[in-house]
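Colleague: Structure supplied as run-v2.pdb; contents: PDB, C-alpha atoms.
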ATOM      1  CA  MET A   1      92.400 155.477 113.647
ATOM      2  CA  ASP A   2      95.354 157.529 112.441
ATOM      3  CA  SER A   3      96.573 157.670 108.864
ATOM      4  CA  THR A   4      99.400 155.159 109.415
ATOM      5  CA  THR A   5      96.977 152.507 110.598
ATOM      6  CA  THR A   6      94.640 153.309 107.718
ATOM      7  CA  ILE A   7      97.416 152.780 105.175
ATOM      8  CA  ALA A   8      98.486 149.543 106.860
ATOM      9  CA  VAL A   9      94.946 148.150 106.897
ATOM     10  CA  ALA A  10      94.294 149.181 103.296
ATOM     11  CA  SER A  11      97.608 147.710 102.128
ATOM     12  CA  ILE A  12      97.040 144.357 103.811
ATOM     13  CA  ILE A  13      93.470 144.061 102.521
ATOM     14  CA  MET A  14      94.458 145.017  98.993
ATOM     15  CA  ALA A  15      97.441 142.636  99.018
ATOM     16  CA  GLY A  16      95.133 139.795  99.981
ATOM     17  CA  LEU A  17      92.603 140.722  97.325
ATOM     18  CA  THR A  18      95.334 141.065  94.697
ATOM     19  CA  THR A  19      96.743 137.626  95.426
ATOM     20  CA  ALA A  20      93.303 136.007  95.663
ATOM     21  CA  ILE A  21      91.835 137.424  92.466
ATOM     22  CA  GLY A  22      95.150 137.264  90.659
ATOM     23  CA  SER A  23      95.593 133.562  91.388
ATOM     24  CA  ILE A  24      92.082 132.183  91.022
ATOM     25  CA  GLY A  25      91.654 133.537  87.491
ATOM     26  CA  PRO A  26      94.910 132.089  86.114
ATOM     27  CA  ALA A  27      94.225 128.808  87.953
ATOM     28  CA  PHE A  28      90.912 128.345  86.170
ATOM     29  CA  ALA A  29      92.394 129.464  82.863
ATOM     30  CA  GLU A  30      95.369 127.126  83.127
ATOM     31  CA  GLY A  31      93.257 124.111  83.996
ATOM     32  CA  ARG A  32      90.940 124.797  81.103
ATOM     33  CA  ALA A  33      93.820 125.369  78.674
ATOM     34  CA  VAL A  34      95.609 122.134  79.594
ATOM     35  CA  ALA A  35      92.401 120.085  79.502
ATOM     36  CA  GLN A  36      91.488 121.423  76.075
ATOM     37  CA  ALA A  37      94.999 120.923  74.726
ATOM     38  CA  LEU A  38      95.245 117.310  75.905
ATOM     39  CA  SER A  39      91.798 116.603  74.503
ATOM     40  CA  SER A  40      92.806 118.120  71.178
ATOM     41  CA  ILE A  41      96.036 116.105  71.071
ATOM     42  CA  ALA A  42      94.068 112.921  71.752
ATOM     43  CA  GLN A  43      91.725 113.720  68.881
ATOM     44  CA  GLN A  44      94.361 114.980  66.440
ATOM     45  CA  PRO A  45      97.762 113.447  67.243
ATOM     46  CA  ASP A  46      99.225 114.705  63.993
ATOM     47  CA  SER A  47      98.775 118.309  65.128
ATOM     48  CA  SER A  48     100.353 117.752  68.528
ATOM     49  CA  ASN A  49     103.385 119.809  67.546
ATOM     50  CA  THR A  50     101.350 122.926  66.899
ATOM     51  CA  ILE A  51      99.041 122.345  69.847
ATOM     52  CA  THR A  52     101.951 121.919  72.252
ATOM     53  CA  ARG A  53     103.599 125.083  71.025
ATOM     54  CA  THR A  54     100.380 127.069  71.399
ATOM     55  CA  LEU A  55      99.793 125.563  74.850
ATOM     56  CA  PHE A  56     103.271 126.642  75.938
ATOM     57  CA  VAL A  57     102.724 130.222  74.815
ATOM     58  CA  GLY A  58      99.335 130.330  76.523
ATOM     59  CA  LEU A  59     100.617 128.872  79.779
ATOM     60  CA  ALA A  60     103.514 131.333  79.891
ATOM     61  CA  MET A  61     101.124 134.247  79.446
ATOM     62  CA  ILE A  62      98.641 132.935  82.006
ATOM     63  CA  GLU A  63     101.152 132.129  84.738
ATOM     64  CA  SER A  64     103.059 135.378  84.376
ATOM     65  CA  THR A  65      99.828 137.248  85.095
ATOM     66  CA  ALA A  66      99.667 135.592  88.501
ATOM     67  CA  ILE A  67     103.334 136.395  89.111
ATOM     68  CA  TYR A  68     102.759 140.085  88.376
ATOM     69  CA  CYS A  69      99.900 140.096  90.891
ATOM     70  CA  PHE A  70     102.279 138.538  93.429
ATOM     71  CA  VAL A  71     104.810 141.305  92.775
ATOM     72  CA  VAL A  72     102.156 143.941  93.384
ATOM     73  CA  SER A  73     101.119 142.323  96.657
ATOM     74  CA  MET A  74     104.773 142.055  97.752
ATOM     75  CA  ILE A  75     105.232 145.753  97.035
ATOM     76  CA  LEU A  76     102.160 146.544  99.101
ATOM     77  CA  LEU A  77     103.284 144.391 102.026
ATOM     78  CA  PHE A  78     107.067 144.750 102.248
ATOM     79  CA  ALA A  79     108.037 147.743 100.118
ATOM     80  CA  ASN A  80     105.070 150.042 100.332
ATOM     81  CA  PRO A  81     106.058 153.404  98.820
ATOM     82  CA  PHE A  82     103.440 155.183 100.902
ATOM     83  CA  TRP A  83     105.301 154.340 104.128
ATOM     84  CA  ASN A  84     108.303 156.441 103.110
ATOM     85  CA  HIS A  85     106.017 159.239 101.985
ATOM     86  CA  LEU A  86     104.337 159.198 105.376
ATOM     87  CA  THR A  87     107.393 158.850 107.600
ATOM     88  CA  GLN A  88     109.527 161.509 105.910
TER      89      GLN A  88
ATOM     90  CA  MET B   1     125.733 154.308  92.902
ATOM     91  CA  ASN B   2     124.423 151.688  95.322
ATOM     92  CA  GLU B   3     120.967 152.481  94.080
ATOM     93  CA  TRP B   4     121.873 151.525  90.502
ATOM     94  CA  ILE B   5     123.627 148.378  91.680
ATOM     95  CA  GLY B   6     120.464 147.352  93.503
ATOM     96  CA  LEU B   7     118.258 148.061  90.502
ATOM     97  CA  THR B   8     120.577 146.183  88.155
ATOM     98  CA  GLY B   9     120.753 143.257  90.553
ATOM     99  CA  GLY B  10     116.967 143.160  90.790
ATOM    100  CA  PHE B  11     116.660 143.277  87.013
ATOM    101  CA  LEU B  12     119.143 140.437  86.570
ATOM    102  CA  ALA B  13     117.484 138.362  89.299
ATOM    103  CA  GLY B  14     114.100 138.785  87.610
ATOM    104  CA  ALA B  15     115.625 137.867  84.267
ATOM    105  CA  ALA B  16     117.212 134.734  85.712
ATOM    106  CA  ALA B  17     113.922 133.729  87.325
ATOM    107  CA  ALA B  18     112.153 134.220  84.000
ATOM    108  CA  ALA B  19     114.738 132.112  82.190
ATOM    109  CA  PHE B  20     114.206 129.271  84.650
ATOM    110  CA  PHE B  21     110.430 129.754  84.389
ATOM    111  CA  VAL B  22     110.336 129.565  80.588
ATOM    112  CA  ALA B  23     112.778 126.677  80.371
ATOM    113  CA  SER B  24     110.961 124.542  82.937
ATOM    114  CA  LEU B  25     107.572 125.354  81.389
ATOM    115  CA  TRP B  26     108.812 124.266  77.965
ATOM    116  CA  TRP B  27     110.278 121.076  79.444
ATOM    117  CA  THR B  28     106.950 120.301  81.101
ATOM    118  CA  THR B  29     104.804 121.147  78.077
ATOM    119  CA  VAL B  30     106.799 118.914  75.741
ATOM    120  CA  ARG B  31     106.538 115.935  78.081
ATOM    121  CA  LEU B  32     102.884 116.486  78.979
ATOM    122  CA  PRO B  33     101.208 114.476  76.156
ATOM    123  CA  ALA B  34     103.251 111.327  76.836
ATOM    124  CA  SER B  35     102.880 111.440  80.590
ATOM    125  CA  ARG B  36     100.781 108.722  82.181
ATOM    126  CA  GLN B  37      99.828 111.124  84.977
ATOM    127  CA  PRO B  38      99.690 114.588  83.392
ATOM    128  CA  TRP B  39      98.164 116.212  86.466
ATOM    129  CA  LEU B  40     101.122 115.031  88.567
ATOM    130  CA  LEU B  41     103.673 116.316  86.058
ATOM    131  CA  LEU B  42     101.909 119.633  85.604
ATOM    132  CA  GLY B  43     101.229 120.139  89.301
ATOM    133  CA  GLY B  44     104.719 119.175  90.432
ATOM    134  CA  SER B  45     106.353 121.310  87.803
ATOM    135  CA  ALA B  46     104.113 124.273  88.612
ATOM    136  CA  LEU B  47     104.895 123.885  92.315
ATOM    137  CA  LEU B  48     108.653 123.842  91.737
ATOM    138  CA  ARG B  49     108.500 126.647  89.188
ATOM    139  CA  MET B  50     106.401 128.895  91.378
ATOM    140  CA  ALA B  51     108.520 128.127  94.466
ATOM    141  CA  VAL B  52     111.690 129.263  92.703
ATOM    142  CA  VAL B  53     110.218 132.360  91.030
ATOM    143  CA  LEU B  54     108.200 133.526  94.017
ATOM    144  CA  GLY B  55     111.151 132.788  96.315
ATOM    145  CA  VAL B  56     113.386 135.059  94.260
ATOM    146  CA  LEU B  57     110.761 137.805  94.241
ATOM    147  CA  GLY B  58     110.129 137.341  97.971
ATOM    148  CA  VAL B  59     113.830 137.713  98.777
ATOM    149  CA  LEU B  60     113.944 140.854  96.651
ATOM    150  CA  ALA B  61     110.874 142.180  98.467
ATOM    151  CA  ARG B  62     112.676 141.901 101.803
ATOM    152  CA  SER B  63     115.049 144.633 100.645
ATOM    153  CA  GLY B  64     112.265 147.129 101.283
ATOM    154  CA  ASP B  65     112.749 149.092  98.078
ATOM    155  CA  TRP B  66     109.812 148.877  95.711
ATOM    156  CA  ARG B  67     111.911 149.984  92.729
ATOM    157  CA  ILE B  68     113.995 146.800  92.961
ATOM    158  CA  LEU B  69     110.804 144.750  92.709
ATOM    159  CA  VAL B  70     109.635 146.781  89.731
ATOM    160  CA  ALA B  71     113.020 146.257  88.064
ATOM    161  CA  ALA B  72     112.738 142.520  88.724
ATOM    162  CA  ALA B  73     109.246 142.464  87.208
ATOM    163  CA  MET B  74     110.541 144.308  84.145
ATOM    164  CA  GLY B  75     113.410 141.851  83.763
ATOM    165  CA  PHE B  76     110.985 138.983  84.173
ATOM    166  CA  ALA B  77     108.613 140.382  81.554
ATOM    167  CA  LEU B  78     111.440 141.042  79.097
ATOM    168  CA  ILE B  79     113.030 137.601  79.314
ATOM    169  CA  ARG B  80     109.657 135.880  79.351
ATOM    170  CA  THR B  81     108.581 137.634  76.150
ATOM    171  CA  VAL B  82     111.903 137.012  74.418
ATOM    172  CA  GLY B  83     112.015 133.376  75.571
ATOM    173  CA  VAL B  84     108.450 132.606  74.540
ATOM    174  CA  CYS B  85     108.918 134.223  71.125
ATOM    175  CA  THR B  86     112.223 132.417  70.597
ATOM    176  CA  ILE B  87     110.849 128.997  71.510
ATOM    177  CA  ALA B  88     107.555 129.487  69.686
ATOM    178  CA  GLN B  89     109.263 130.534  66.450
ATOM    179  CA  ARG B  90     111.823 127.749  66.432
ATOM    180  CA  ASP B  91     111.681 125.277  63.599
ATOM    181  CA  SER B  92     109.413 122.323  64.066
ATOM    182  CA  SER B  93     112.229 119.800  64.128
ATOM    183  CA  PHE B  94     111.951 119.005  67.813
ATOM    184  CA  GLN B  95     110.532 115.638  68.727
ATOM    185  CA  LEU B  96     107.632 115.476  71.080
ATOM    186  CA  ALA B  97     107.847 112.803  73.723
ATOM    187  CA  SER B  98     104.479 111.491  72.542
ATOM    188  CA  ALA B  99     105.901 110.731  69.105
ATOM    189  CA  GLN B 100     108.225 108.138  70.592
ATOM    190  CA  THR B 101     105.936 106.401  73.052
ATOM    191  CA  LEU B 102     102.440 106.875  71.674
ATOM    192  CA  PRO B 103     102.298 106.575  67.897
ATOM    193  CA  ALA B 104      99.267 107.959  66.125
ATOM    194  CA  GLU B 105      97.963 104.492  65.268
ATOM    195  CA  LYS B 106      97.562 103.674  68.932
ATOM    196  CA  LEU B 107      95.777 106.894  69.725
ATOM    197  CA  ARG B 108      93.340 106.550  66.827
ATOM    198  CA  PRO B 109      91.954 103.033  66.571
ATOM    199  CA  ARG B 110      91.192 102.027  63.036
ATOM    200  CA  SER B 111      87.550 101.765  62.179
ATOM    201  CA  LYS B 112      86.283  98.394  61.156
ATOM    202  CA  PRO B 113      85.564  98.022  57.455
TER     203      PRO B 113
END
Produce structure tokens that represent the structure in this file.
Modeller:
Amino acid sequence: MDSTTTIAVASIIMAGLTTAIGSIGPAFAEGRAVAQALSSIAQQPDSSNTITRTLFVGLAMIESTAIYCFVVSMILLFANPFWNHLTQ
Amino acid sequence: MNEWIGLTGGFLAGAAAAAFFVASLWWTTVRLPASRQPWLLLGGSALLRMAVVLGVLGVLARSGDWRILVAAAMGFALIRTVGVCTIAQRDSSFQLASAQTLPAEKLRPRSKP
């Protein structure tokens, strides 16, 4: 197996792992955050303003983590910098 | 020159995707407590949000230049941070949807004397 094939195989495997691990963690975290927030709002409706604001900040942080993992996997699949290094 | 145009375009595309992301997330979060089916609202909104953002990043990835994707991620991170801080620090004058449809008395039944 030459070096080009090795880089291709490693890139595809790592892109899959990046998307898998980078999406399952935020999925669990987001489900837990929303469930806790809705439970808290049901128990303390007067604090729903603060809880909603905190939930929004948390969801934005959690989901952007998954998006960054997607960017990394896209770089590995479609814009791999090692290809240019190898072909030049 | 073309290189800088590509990087700037990627940055702006990432920033626009982040603006849509933050705005739709805020819209969803505010309406979540009053929704009769919160899982449907959250799931549908997440599907639409992710389709738009990942579609933009996927189109940028087809250009084949990894620096454009990095610029888009930087634009996304910048606008996301600024948008979240701006919305989170706004005054508390906005009305939650739950305040209009589900008053506190209905959520907390009074205890019998």
Colleague: Record the distance separating CA of Ala71 in chain B and CA of Gly14 in chain B, expressed in Å with one decimal.
Modeller: 7.6 Å
Colleague: Contacts of range 16-22 of chain A at 8 Å or less, counting only C-alpha atoms, minus same-chain residues fewer than 4 places along, as an NGL selection string?
Modeller: :A and (12 or 26 or 65-66 or 69-70 or 72-73)
Colleague: Take the PyMOL selection byres ((chain B) within 6 of (chain A)), run it mentally on this structure, and tell me the resulting residues as a ChimeraX atom specification.
Modeller: /B:61,64-66,104
Colleague: Could you take the residues named above and write them with C-alpha atoms, as a PDB file, in the frame of the given file?
Modeller:
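Resulting contents of result_0.pdb:
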ATOM      1  CA  ALA B  61     110.874 142.180  98.467  1.00  0.00           C
ATOM      2  CA  GLY B  64     112.265 147.129 101.283  1.00  0.00           C
ATOM      3  CA  ASP B  65     112.749 149.092  98.078  1.00  0.00           C
ATOM      4  CA  TRP B  66     109.812 148.877  95.711  1.00  0.00           C
ATOM      5  CA  ALA B 104      99.267 107.959  66.125  1.00  0.00           C
TER       6      ALA B 104
END
Colleague: Rounded to one decimal place, report the CA of Gly6 in chain B-CA of His85 in chain A distance in Å.
Modeller: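 Rounded to one decimal, the two atoms are 20.5 Å apart.
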Colleague: Run the PyMOL selection byres ((chain B and resi 32) around 9) against the file shown and list the residues it catches, as an NGL selection string.
Modeller: (:A and (38 or 52)) or (:B and (27-31 or 33-39 or 41-42 or 97-98))
Colleague: For Gly43 in chain B, which residue among B:Leu57, B:Gly9, B:Leu25, B:Phe20 is the nearest when counting all atoms listed in the file?
Modeller: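 Ranking B:Leu57, B:Gly9, B:Leu25, B:Phe20 by distance to Gly43 in chain B, first place goes to B:Leu25.
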Colleague: Suppose you want the space between CA of Glu30 in chain A and CA of Gly10 in chain B; what is it in Å?
Modeller: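 Result for CA of Glu30 in chain A versus CA of Gly10 in chain B: 28.0 Å, one decimal.
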Colleague: Grab all the atoms of range 29-42 of chain A that the file lists, wrap them in a box along x, y and z, add 4 Å per side, and give me centre plus edge lengths in Å (one decimal) as JSON.
Modeller:
{"center_x": 93.5, "center_y": 121.2, "center_z": 77.5, "size_x": 13.1, "size_y": 24.5, "size_z": 20.9}
Colleague: List the spatial neighbours of Gly83 in chain B as a count of residues only - criterion: any atom at most 9 Å away, all atoms listed in the file, same-chain residues fewer than 5 positions off excluded.
Modeller: 6
Colleague: Carefully work through the PyMOL selection byres ((chain B and resi 72) around 7) for this structure and note down the residues it includes, as a list of chain:residue names.
Modeller: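 Evaluating the PyMOL selection byres ((chain B and resi 72) around 7) on this file yields B:Gly10, B:Phe11, B:Ala13, B:Gly14, B:Ile68, B:Leu69, B:Val70, B:Ala71, B:Ala73, B:Met74, B:Gly75, B:Phe76.
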Colleague: Taking only C-alpha atoms into account, which of A:Val9, A:Leu86, A:Ile62, A:Ile51 comes nearest Ala27 in chain A?
Modeller: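 Among the listed residues, the smallest separation from Ala27 in chain A belongs to A:Ile62.
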Colleague: Select, from B:Ala17, B:Ala77, B:Thr86, B:Ser24, the residue with the minimum atom-to-atom distance to Leu54 in chain B, counting all atoms listed in the file.
Modeller: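 Of the candidates, the smallest distance to Leu54 in chain B is held by B:Ala17.
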